[in-house]
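Okay, protein.tsv is below, TSV, C-alpha atoms:
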```tsv
chain	number	residue	atom	x	y	z
S	98	MET	CA	238.78	171.36	194.60
S	99	ARG	CA	241.79	172.80	192.78
S	100	THR	CA	245.23	171.46	193.56
S	101	ARG	CA	248.68	173.05	193.50
S	102	LYS	CA	252.02	171.29	193.34
S	103	ILE	CA	254.74	171.73	195.95
S	104	THR	CA	257.49	173.13	193.74
S	105	ASN	CA	260.10	170.66	192.45
S	106	THR	CA	258.26	167.66	193.94
S	107	THR	CA	255.56	165.26	192.80
S	108	VAL	CA	253.28	166.20	195.72
S	109	GLU	CA	250.05	168.01	194.87
S	110	VAL	CA	247.86	169.46	197.62
S	111	THR	CA	244.34	170.80	197.47
S	112	GLU	CA	244.12	174.54	198.02
S	113	LEU	CA	242.41	173.94	201.35
S	114	GLY	CA	243.87	171.52	203.87
S	115	PHE	CA	242.42	169.89	206.97
S	116	GLY	CA	244.41	170.80	210.08
S	117	ALA	CA	244.04	168.01	212.62
S	118	SER	CA	245.34	169.77	215.74
S	119	VAL	CA	241.85	170.42	217.11
S	120	ILE	CA	240.77	166.79	216.79
S	121	GLY	CA	243.62	166.08	219.20
S	122	ASN	CA	241.46	167.85	221.81
S	123	LEU	CA	243.15	171.22	221.53
S	124	TYR	CA	241.77	173.42	224.36
S	125	ARG	CA	238.67	171.24	224.78
S	126	VAL	CA	237.43	167.74	224.11
S	127	THR	CA	236.37	166.92	220.57
S	128	PRO	CA	234.18	163.80	220.70
S	129	ALA	CA	235.47	160.97	218.51
S	130	GLN	CA	232.31	161.00	216.40
S	131	ASP	CA	232.71	164.73	215.70
S	132	ALA	CA	236.34	164.25	214.66
S	133	ALA	CA	235.41	161.42	212.30
S	134	ALA	CA	232.50	163.42	210.86
S	135	ALA	CA	234.76	166.43	210.27
S	136	ILE	CA	237.28	164.36	208.32
S	137	GLU	CA	234.52	162.73	206.28
S	138	ALA	CA	232.98	166.13	205.54
S	139	ALA	CA	236.38	167.37	204.41
S	140	TRP	CA	236.69	164.39	202.10
S	141	ASP	CA	233.20	164.90	200.68
S	142	SER	CA	234.02	168.57	200.00
S	143	GLY	CA	237.09	167.65	197.97
S	144	ILE	CA	239.82	168.31	200.54
S	145	ARG	CA	242.65	165.83	200.03
S	146	TYR	CA	245.43	167.31	202.18
S	147	PHE	CA	245.46	166.43	205.86
S	148	ASP	CA	248.05	167.68	208.37
S	149	THR	CA	248.79	166.26	211.82
S	150	ALA	CA	251.66	165.87	214.32
S	151	PRO	CA	252.65	163.78	217.34
S	152	HIS	CA	252.40	166.97	219.43
S	153	TYR	CA	248.66	167.24	218.79
S	154	GLY	CA	246.99	165.46	221.67
S	155	LEU	CA	250.03	163.30	222.42
S	156	GLY	CA	249.29	161.19	219.36
S	157	LEU	CA	245.50	161.33	219.51
S	158	SER	CA	245.25	163.46	216.37
S	159	GLU	CA	247.37	161.01	214.38
S	160	GLN	CA	245.33	158.06	215.62
S	161	ARG	CA	242.01	159.66	214.74
S	162	LEU	CA	243.16	160.87	211.34
S	163	GLY	CA	244.58	157.49	210.36
S	164	ALA	CA	241.42	155.68	211.44
S	165	ALA	CA	239.17	158.04	209.48
S	166	LEU	CA	241.22	157.79	206.28
S	167	ARG	CA	241.73	154.04	206.42
S	168	ASP	CA	238.89	153.19	204.04
S	169	HIS	CA	239.83	155.80	201.42
S	170	PRO	CA	242.17	155.02	198.50
S	171	ARG	CA	245.68	155.86	199.67
S	172	GLU	CA	246.77	157.31	196.32
S	173	GLN	CA	243.99	159.91	196.48
S	174	TYR	CA	245.12	161.92	199.50
S	175	VAL	CA	248.19	163.60	200.97
S	176	VAL	CA	249.13	163.38	204.64
S	177	SER	CA	251.78	165.42	206.42
S	178	SER	CA	253.08	164.96	209.91
S	179	LYS	CA	256.02	166.33	211.86
S	180	VAL	CA	259.22	165.40	213.66
S	181	GLY	CA	261.11	166.96	216.54
S	182	ARG	CA	258.99	165.87	219.48
S	183	LEU	CA	259.24	162.21	220.42
S	184	LEU	CA	256.48	160.82	222.61
S	185	VAL	CA	257.97	158.92	225.55
S	186	PRO	CA	256.54	157.52	228.80
S	187	ASN	CA	255.81	160.19	231.38
S	188	GLU	CA	257.42	159.24	234.68
S	189	GLN	CA	255.48	161.90	236.61
S	190	PRO	CA	251.97	162.15	235.14
S	191	ARG	CA	249.54	164.64	236.67
S	192	GLY	CA	246.44	163.42	234.89
S	193	VAL	CA	246.12	165.89	232.00
S	194	ASP	CA	248.48	167.29	229.39
S	195	SER	CA	250.09	170.63	230.25
S	196	GLU	CA	250.44	171.94	226.67
S	197	GLY	CA	246.87	172.81	225.78
S	198	PHE	CA	245.42	169.42	224.85
S	199	VAL	CA	242.70	167.82	226.96
S	200	VAL	CA	244.20	164.32	227.08
S	201	ARG	CA	245.82	162.12	229.70
S	202	ASP	CA	249.52	162.76	230.16
S	203	ASP	CA	250.72	159.17	230.28
S	204	LEU	CA	253.16	160.30	227.58
S	205	ARG	CA	255.32	163.39	227.40
S	206	ARG	CA	257.13	165.20	224.60
S	207	GLN	CA	260.90	164.96	224.28
S	208	TRP	CA	262.72	167.32	221.92
S	209	ASP	CA	264.86	165.37	219.47
S	210	PHE	CA	266.03	166.57	216.06
S	211	SER	CA	268.74	163.92	215.68
S	212	ARG	CA	268.79	161.43	212.81
S	213	ASP	CA	267.73	158.65	215.16
S	214	GLY	CA	264.99	160.82	216.63
S	215	VAL	CA	263.62	161.66	213.20
S	216	LEU	CA	263.51	158.02	212.13
S	217	ARG	CA	261.94	156.91	215.41
S	218	SER	CA	259.35	159.67	215.17
S	219	ILE	CA	258.33	158.72	211.64
S	220	ASP	CA	258.07	155.04	212.58
S	221	ALA	CA	255.88	155.92	215.56
S	222	THR	CA	253.64	158.14	213.43
S	223	LEU	CA	253.16	155.37	210.88
S	224	GLU	CA	252.21	153.00	213.68
S	225	ARG	CA	249.71	155.44	215.20
S	226	THR	CA	248.11	156.34	211.88
S	227	GLY	CA	248.24	152.89	210.34
S	228	LEU	CA	249.53	154.48	207.12
S	229	ASP	CA	252.14	152.93	204.87
S	230	ARG	CA	253.90	156.24	204.23
S	231	LEU	CA	253.89	159.99	204.85
S	232	ASP	CA	253.73	162.31	201.85
S	233	VAL	CA	255.17	165.39	203.57
S	234	VAL	CA	257.22	165.63	206.77
S	235	TYR	CA	257.94	168.91	208.54
S	236	VAL	CA	260.51	169.63	211.23
S	237	HIS	CA	258.25	171.01	213.96
S	238	ASP	CA	259.06	174.20	215.91
S	239	PRO	CA	262.87	174.00	215.92
S	240	ASP	CA	263.17	177.59	217.24
S	241	ALA	CA	265.78	176.71	219.87
S	242	HIS	CA	267.36	173.89	217.86
S	243	TRP	CA	268.61	175.42	214.59
S	244	GLY	CA	271.91	173.52	214.58
S	245	GLN	CA	270.58	170.01	215.04
S	246	ALA	CA	267.50	170.65	212.91
S	247	ALA	CA	269.54	172.01	209.98
S	248	GLU	CA	272.47	169.61	210.28
S	249	GLU	CA	270.68	166.35	211.21
S	250	ALA	CA	266.90	166.48	210.86
S	251	LEU	CA	266.67	168.07	207.40
S	252	PRO	CA	269.49	165.96	205.89
S	253	THR	CA	267.81	162.83	207.27
S	254	LEU	CA	264.51	163.83	205.69
S	255	ALA	CA	266.30	164.71	202.45
S	256	ASP	CA	267.77	161.20	202.33
S	257	LEU	CA	264.29	159.71	202.75
S	258	ARG	CA	262.90	162.02	200.08
S	259	ASP	CA	265.68	161.14	197.66
S	260	GLN	CA	264.99	157.44	198.27
S	261	GLY	CA	261.32	158.02	197.42
S	262	VAL	CA	260.13	157.24	200.96
S	263	ILE	CA	258.76	160.79	201.45
S	264	GLY	CA	257.42	163.09	198.75
S	265	ALA	CA	258.37	166.49	200.20
S	266	ILE	CA	260.12	167.86	203.29
S	267	GLY	CA	260.14	171.12	205.18
S	268	THR	CA	259.76	173.00	208.43
S	269	GLY	CA	256.80	174.42	210.33
S	270	MET	CA	257.04	177.34	212.76
S	271	ASN	CA	255.22	180.34	214.20
S	272	GLN	CA	258.04	182.70	213.19
S	273	SER	CA	259.21	183.66	209.74
S	274	ALA	CA	262.89	184.61	210.09
S	275	MET	CA	264.18	181.09	210.75
S	276	LEU	CA	261.84	179.61	208.17
S	277	ALA	CA	263.53	181.84	205.61
S	278	ARG	CA	266.90	180.41	206.68
S	279	PHE	CA	265.60	176.89	206.16
S	280	LEU	CA	264.47	177.83	202.66
S	281	ARG	CA	267.80	179.42	201.81
S	282	GLU	CA	270.23	177.08	203.55
S	283	THR	CA	268.69	173.58	203.61
S	284	ALA	CA	267.06	171.04	201.33
S	285	ALA	CA	263.53	172.01	202.47
S	286	ASP	CA	260.92	171.98	199.69
S	287	VAL	CA	258.16	173.72	201.63
S	288	VAL	CA	257.53	175.58	204.87
S	289	MET	CA	254.42	175.67	207.00
S	290	LEU	CA	254.07	179.35	207.90
S	291	ALA	CA	251.90	179.94	210.97
S	292	GLY	CA	250.24	183.33	211.40
S	293	ARG	CA	252.88	185.47	209.70
S	294	TYR	CA	251.11	186.16	206.42
S	295	THR	CA	247.61	187.17	207.33
S	296	LEU	CA	245.36	190.21	207.08
S	297	LEU	CA	246.88	191.43	210.36
S	298	ASP	CA	250.52	190.36	209.99
S	299	GLN	CA	252.42	190.51	206.72
S	300	SER	CA	255.91	190.18	208.21
S	301	ALA	CA	256.65	187.17	205.99
S	302	LEU	CA	256.92	189.60	203.08
S	303	ASP	CA	260.28	190.59	204.56
S	304	ASP	CA	261.85	187.13	204.64
S	305	VAL	CA	259.99	183.86	204.00
S	306	LEU	CA	258.08	184.82	200.89
S	307	PRO	CA	261.02	186.43	199.04
S	308	ALA	CA	263.18	183.41	199.97
S	309	ALA	CA	260.54	181.00	198.66
S	310	ARG	CA	260.26	182.96	195.44
S	311	GLU	CA	264.03	183.25	194.97
S	312	HIS	CA	264.73	179.56	195.60
S	313	GLY	CA	261.68	178.13	193.87
S	314	LYS	CA	260.09	176.66	197.00
S	315	SER	CA	256.57	176.57	198.39
S	316	VAL	CA	254.59	177.83	201.37
S	317	VAL	CA	251.66	176.27	203.23
S	318	ALA	CA	249.85	178.95	205.24
S	319	VAL	CA	248.28	178.11	208.60
S	320	GLY	CA	246.96	180.22	211.46
S	321	VAL	CA	245.27	182.52	208.95
S	322	PHE	CA	242.64	183.54	211.51
S	323	ASN	CA	245.42	184.54	213.97
S	324	SER	CA	243.94	182.37	216.75
S	325	GLY	CA	240.39	183.55	216.15
S	326	LEU	CA	240.36	187.33	215.73
S	327	LEU	CA	239.75	186.98	211.98
S	328	SER	CA	237.35	184.05	212.23
S	329	ARG	CA	234.09	185.98	212.62
S	330	ASP	CA	232.35	188.50	210.43
S	331	ARG	CA	232.52	191.14	213.18
S	332	PRO	CA	235.49	190.96	215.58
S	333	ALA	CA	234.83	191.81	219.22
S	334	PRO	CA	236.82	192.47	222.40
S	335	GLY	CA	237.88	189.30	224.19
S	336	MET	CA	238.74	187.40	221.02
S	337	LYS	CA	242.17	185.80	220.71
S	338	TYR	CA	245.17	186.89	218.68
S	339	ASP	CA	248.23	184.62	218.61
S	340	TYR	CA	246.83	182.58	221.53
S	341	LYS	CA	246.34	185.63	223.80
S	342	ASP	CA	243.58	188.19	224.31
S	343	ALA	CA	243.73	190.53	221.34
S	344	PRO	CA	244.88	194.07	222.18
S	345	PRO	CA	242.28	196.80	221.51
S	346	ASP	CA	244.20	198.33	218.59
S	347	LEU	CA	244.23	195.00	216.73
S	348	VAL	CA	240.53	194.46	217.42
S	349	ALA	CA	239.87	197.92	215.96
S	350	ARG	CA	241.99	197.18	212.90
S	351	ALA	CA	240.28	193.85	212.33
S	352	LEU	CA	236.91	195.58	212.60
S	353	ALA	CA	238.00	198.19	210.05
S	354	ILE	CA	239.03	195.41	207.64
S	355	ALA	CA	235.68	193.69	208.26
S	356	GLU	CA	233.82	196.86	207.33
S	357	VAL	CA	235.72	197.13	204.05
S	358	CYS	CA	234.92	193.47	203.36
S	359	GLU	CA	231.23	194.17	203.92
S	360	ARG	CA	231.28	197.03	201.44
S	361	HIS	CA	232.67	194.59	198.87
S	362	GLY	CA	230.00	192.00	199.58
S	363	THR	CA	232.23	189.56	201.41
S	364	THR	CA	233.28	188.74	204.96
S	365	LEU	CA	236.37	188.97	207.12
S	366	PRO	CA	236.92	185.18	207.40
S	367	ALA	CA	236.49	184.74	203.63
S	368	ALA	CA	239.14	187.39	203.07
S	369	ALA	CA	241.39	185.79	205.70
S	370	ILE	CA	241.29	182.47	203.85
S	371	ALA	CA	241.86	184.08	200.45
S	372	PHE	CA	244.63	186.44	201.54
S	373	PRO	CA	247.65	184.06	201.66
S	374	PHE	CA	247.07	183.17	198.01
S	375	SER	CA	248.03	186.74	197.19
S	376	HIS	CA	251.59	185.47	197.04
S	377	PRO	CA	252.45	183.05	194.21
S	378	SER	CA	254.56	180.82	196.47
S	379	THR	CA	251.52	179.87	198.58
S	380	VAL	CA	250.17	176.48	197.53
S	381	ASN	CA	247.73	175.78	200.35
S	382	VAL	CA	245.85	177.21	203.32
S	383	THR	CA	245.28	174.64	206.06
S	384	LEU	CA	242.57	175.28	208.64
S	385	GLY	CA	241.91	173.55	211.94
S	386	MET	CA	238.38	172.14	211.79
S	387	ARG	CA	236.70	170.44	214.71
S	388	ASP	CA	233.36	169.31	213.29
S	389	ARG	CA	231.29	168.97	210.15
S	390	GLU	CA	229.83	172.47	210.46
S	391	GLN	CA	233.24	174.15	210.56
S	392	VAL	CA	234.32	172.21	207.50
S	393	SER	CA	231.21	173.19	205.53
S	394	ARG	CA	231.59	176.85	206.48
S	395	ASN	CA	235.26	177.11	205.58
S	396	VAL	CA	234.91	175.26	202.30
S	397	GLU	CA	232.03	177.52	201.27
S	398	LEU	CA	234.02	180.65	202.19
S	399	HIS	CA	236.92	179.43	200.06
S	400	ARG	CA	234.71	178.58	197.10
S	401	ARG	CA	233.06	182.00	197.08
S	402	GLY	CA	236.34	183.85	196.90
S	403	VAL	CA	236.52	187.64	197.28
S	404	PRO	CA	236.37	190.53	194.79
S	405	GLU	CA	239.75	191.70	193.50
S	406	GLY	CA	238.85	195.29	194.33
S	407	LEU	CA	238.93	194.44	198.02
S	408	TRP	CA	242.71	194.25	198.08
S	409	ASP	CA	243.09	197.61	196.33
S	410	ASP	CA	240.75	199.19	198.86
S	411	LEU	CA	242.56	197.67	201.85
S	412	ARG	CA	245.90	198.89	200.47
S	413	ALA	CA	244.55	202.37	199.81
S	414	GLN	CA	243.30	202.65	203.39
S	415	GLY	CA	246.57	201.42	204.87
S	416	LEU	CA	244.96	198.31	206.33
S	417	ILE	CA	247.39	195.96	204.57
S	418	ARG	CA	250.91	196.67	203.35
S	419	PRO	CA	251.25	198.43	199.99
S	420	ASP	CA	253.56	195.66	198.71
S	421	VAL	CA	250.96	192.90	199.16
S	422	PRO	CA	250.38	191.45	195.67
S	423	THR	CA	246.88	190.86	194.36
S	424	PRO	CA	245.72	187.23	194.75
S	425	ARG	CA	245.48	185.25	191.56
```
Please, can you express the file's structure as structure tokens?
Amino acid sequence: MRTRKITNTTVEVTELGFGASVIGNLYRVTPAQDAAAAIEAAWDSGIRYFDTAPHYGLGLSEQRLGAALRDHPREQYVVSSKVGRLLVPNEQPRGVDSEGFVVRDDLRRQWDFSRDGVLRSIDATLERTGLDRLDVVYVHDPDAHWGQAAEEALPTLADLRDQGVIGAIGTGMNQSAMLARFLRETAADVVMLAGRYTLLDQSALDDVLPAAREHGKSVVAVGVFNSGLLSRDRPAPGMKYDYKDAPPDLVARALAIAEVCERHGTTLPAAAIAFPFSHPSTVNVTLGMRDREQVSRNVELHRRGVPEGLWDDLRAQGLIRPDVPTPR
């Protein structure tokens, strides 16, 4: 699988990445054998970028990912994790996590973007994964914590990067406006952009993507299916968009895009995976994959690509913004 370099760093990521949130039992239980098989299938397909976080399953995702990668040569893959949520003992457990993961809540998340919190978080991640280092570290969801994230967390990560402990640093969020600030005003090399540059939402063209281009920085795109609405060939009512039931107008728009895709001999999910590469700052699309079948499907969709004429047609019909560039 082709690789692309995070600008101004030595870190190269495969165009597709393995998102390990779902193997932390996001929304439902993923059996351990399915999680391990998914990671092995990703490896066999050529994927060499794996993303996780303490938040995902209260550490379960990190544990499973580290265990599955343990027998592979460390120099052959890239792992990213995140800081900002420390895992601490839960004094009032109720039996199951309250933030969407089907795991016991013996631990709880504690927001902490301080220097000490960042260092403690990285140490804990290394212990859970069994890895000797992290290649990329993102500040995770600092929406309500700009000051401490920009003034403590990013400078701490920059120190580690400059010492050669980490290869690249950045921020991951579901919004684009603050990500653009991180690109303009901090030492971030890369941002993980969730759901804001997709077939249904191109708002990142107004902030993140111009900032990345101007400052010579990179973008990793996630949430490209917008929580599921773009994940099937034919969208239907009841599917999710940004974690909620999709409104009828968005279902209709997704269906219209799907029909254009069909006329061009491709599918809606294939176009959804290809779309973020329309911008030259995008170096990777990372997808959450729960089992071997999902990995095989997504890798095949990526390998097929989509006809260039599709984007011209979607622009002409007003289904994507006219300023969307054509993917390389």
* **Atomic distance atom CA of S:Ala309 - atom CA of S:Ser328, expressed in Å with one decimal** =>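 Spanning atom CA of S:Ala309 to atom CA of S:Ser328 is a straight-line distance of 27.0 Å.
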* Protein, DNA and RNA residues within 10 Å of (241.7, 173.6, 221.2), only C-alpha atoms, as a list in words -> Ser118, Val119, Ile120, Gly121, Asn122, Leu123, Tyr124, Arg125, Val126, Thr127, Tyr153, Gly154, Gly197, Phe198, Val199, Gly385 and Arg387 of chain S
* So, counting only C-alpha atoms, which residue among S:Arg161, S:Arg278, S:Arg182, S:Lys337 is closest to S:Val236? ->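 Between S:Arg161, S:Arg278, S:Arg182, S:Lys337, the residue approaching S:Val236 most closely is S:Arg182.
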* atom CA of S:Ile136 to atom CA of S:Leu204, straight-line distance in Å ->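 Atom-to-atom, atom CA of S:Leu204 and atom CA of S:Ile136 are spaced 25.3 Å apart.
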* All residues 12 Å or closer to S:Tyr338, all atoms listed in the file, same chain fewer than 5 positions away omitted, as a PyMOL selection string -> chain S and resi 292-293+295+297-298+320-328+332-333+343-348+351
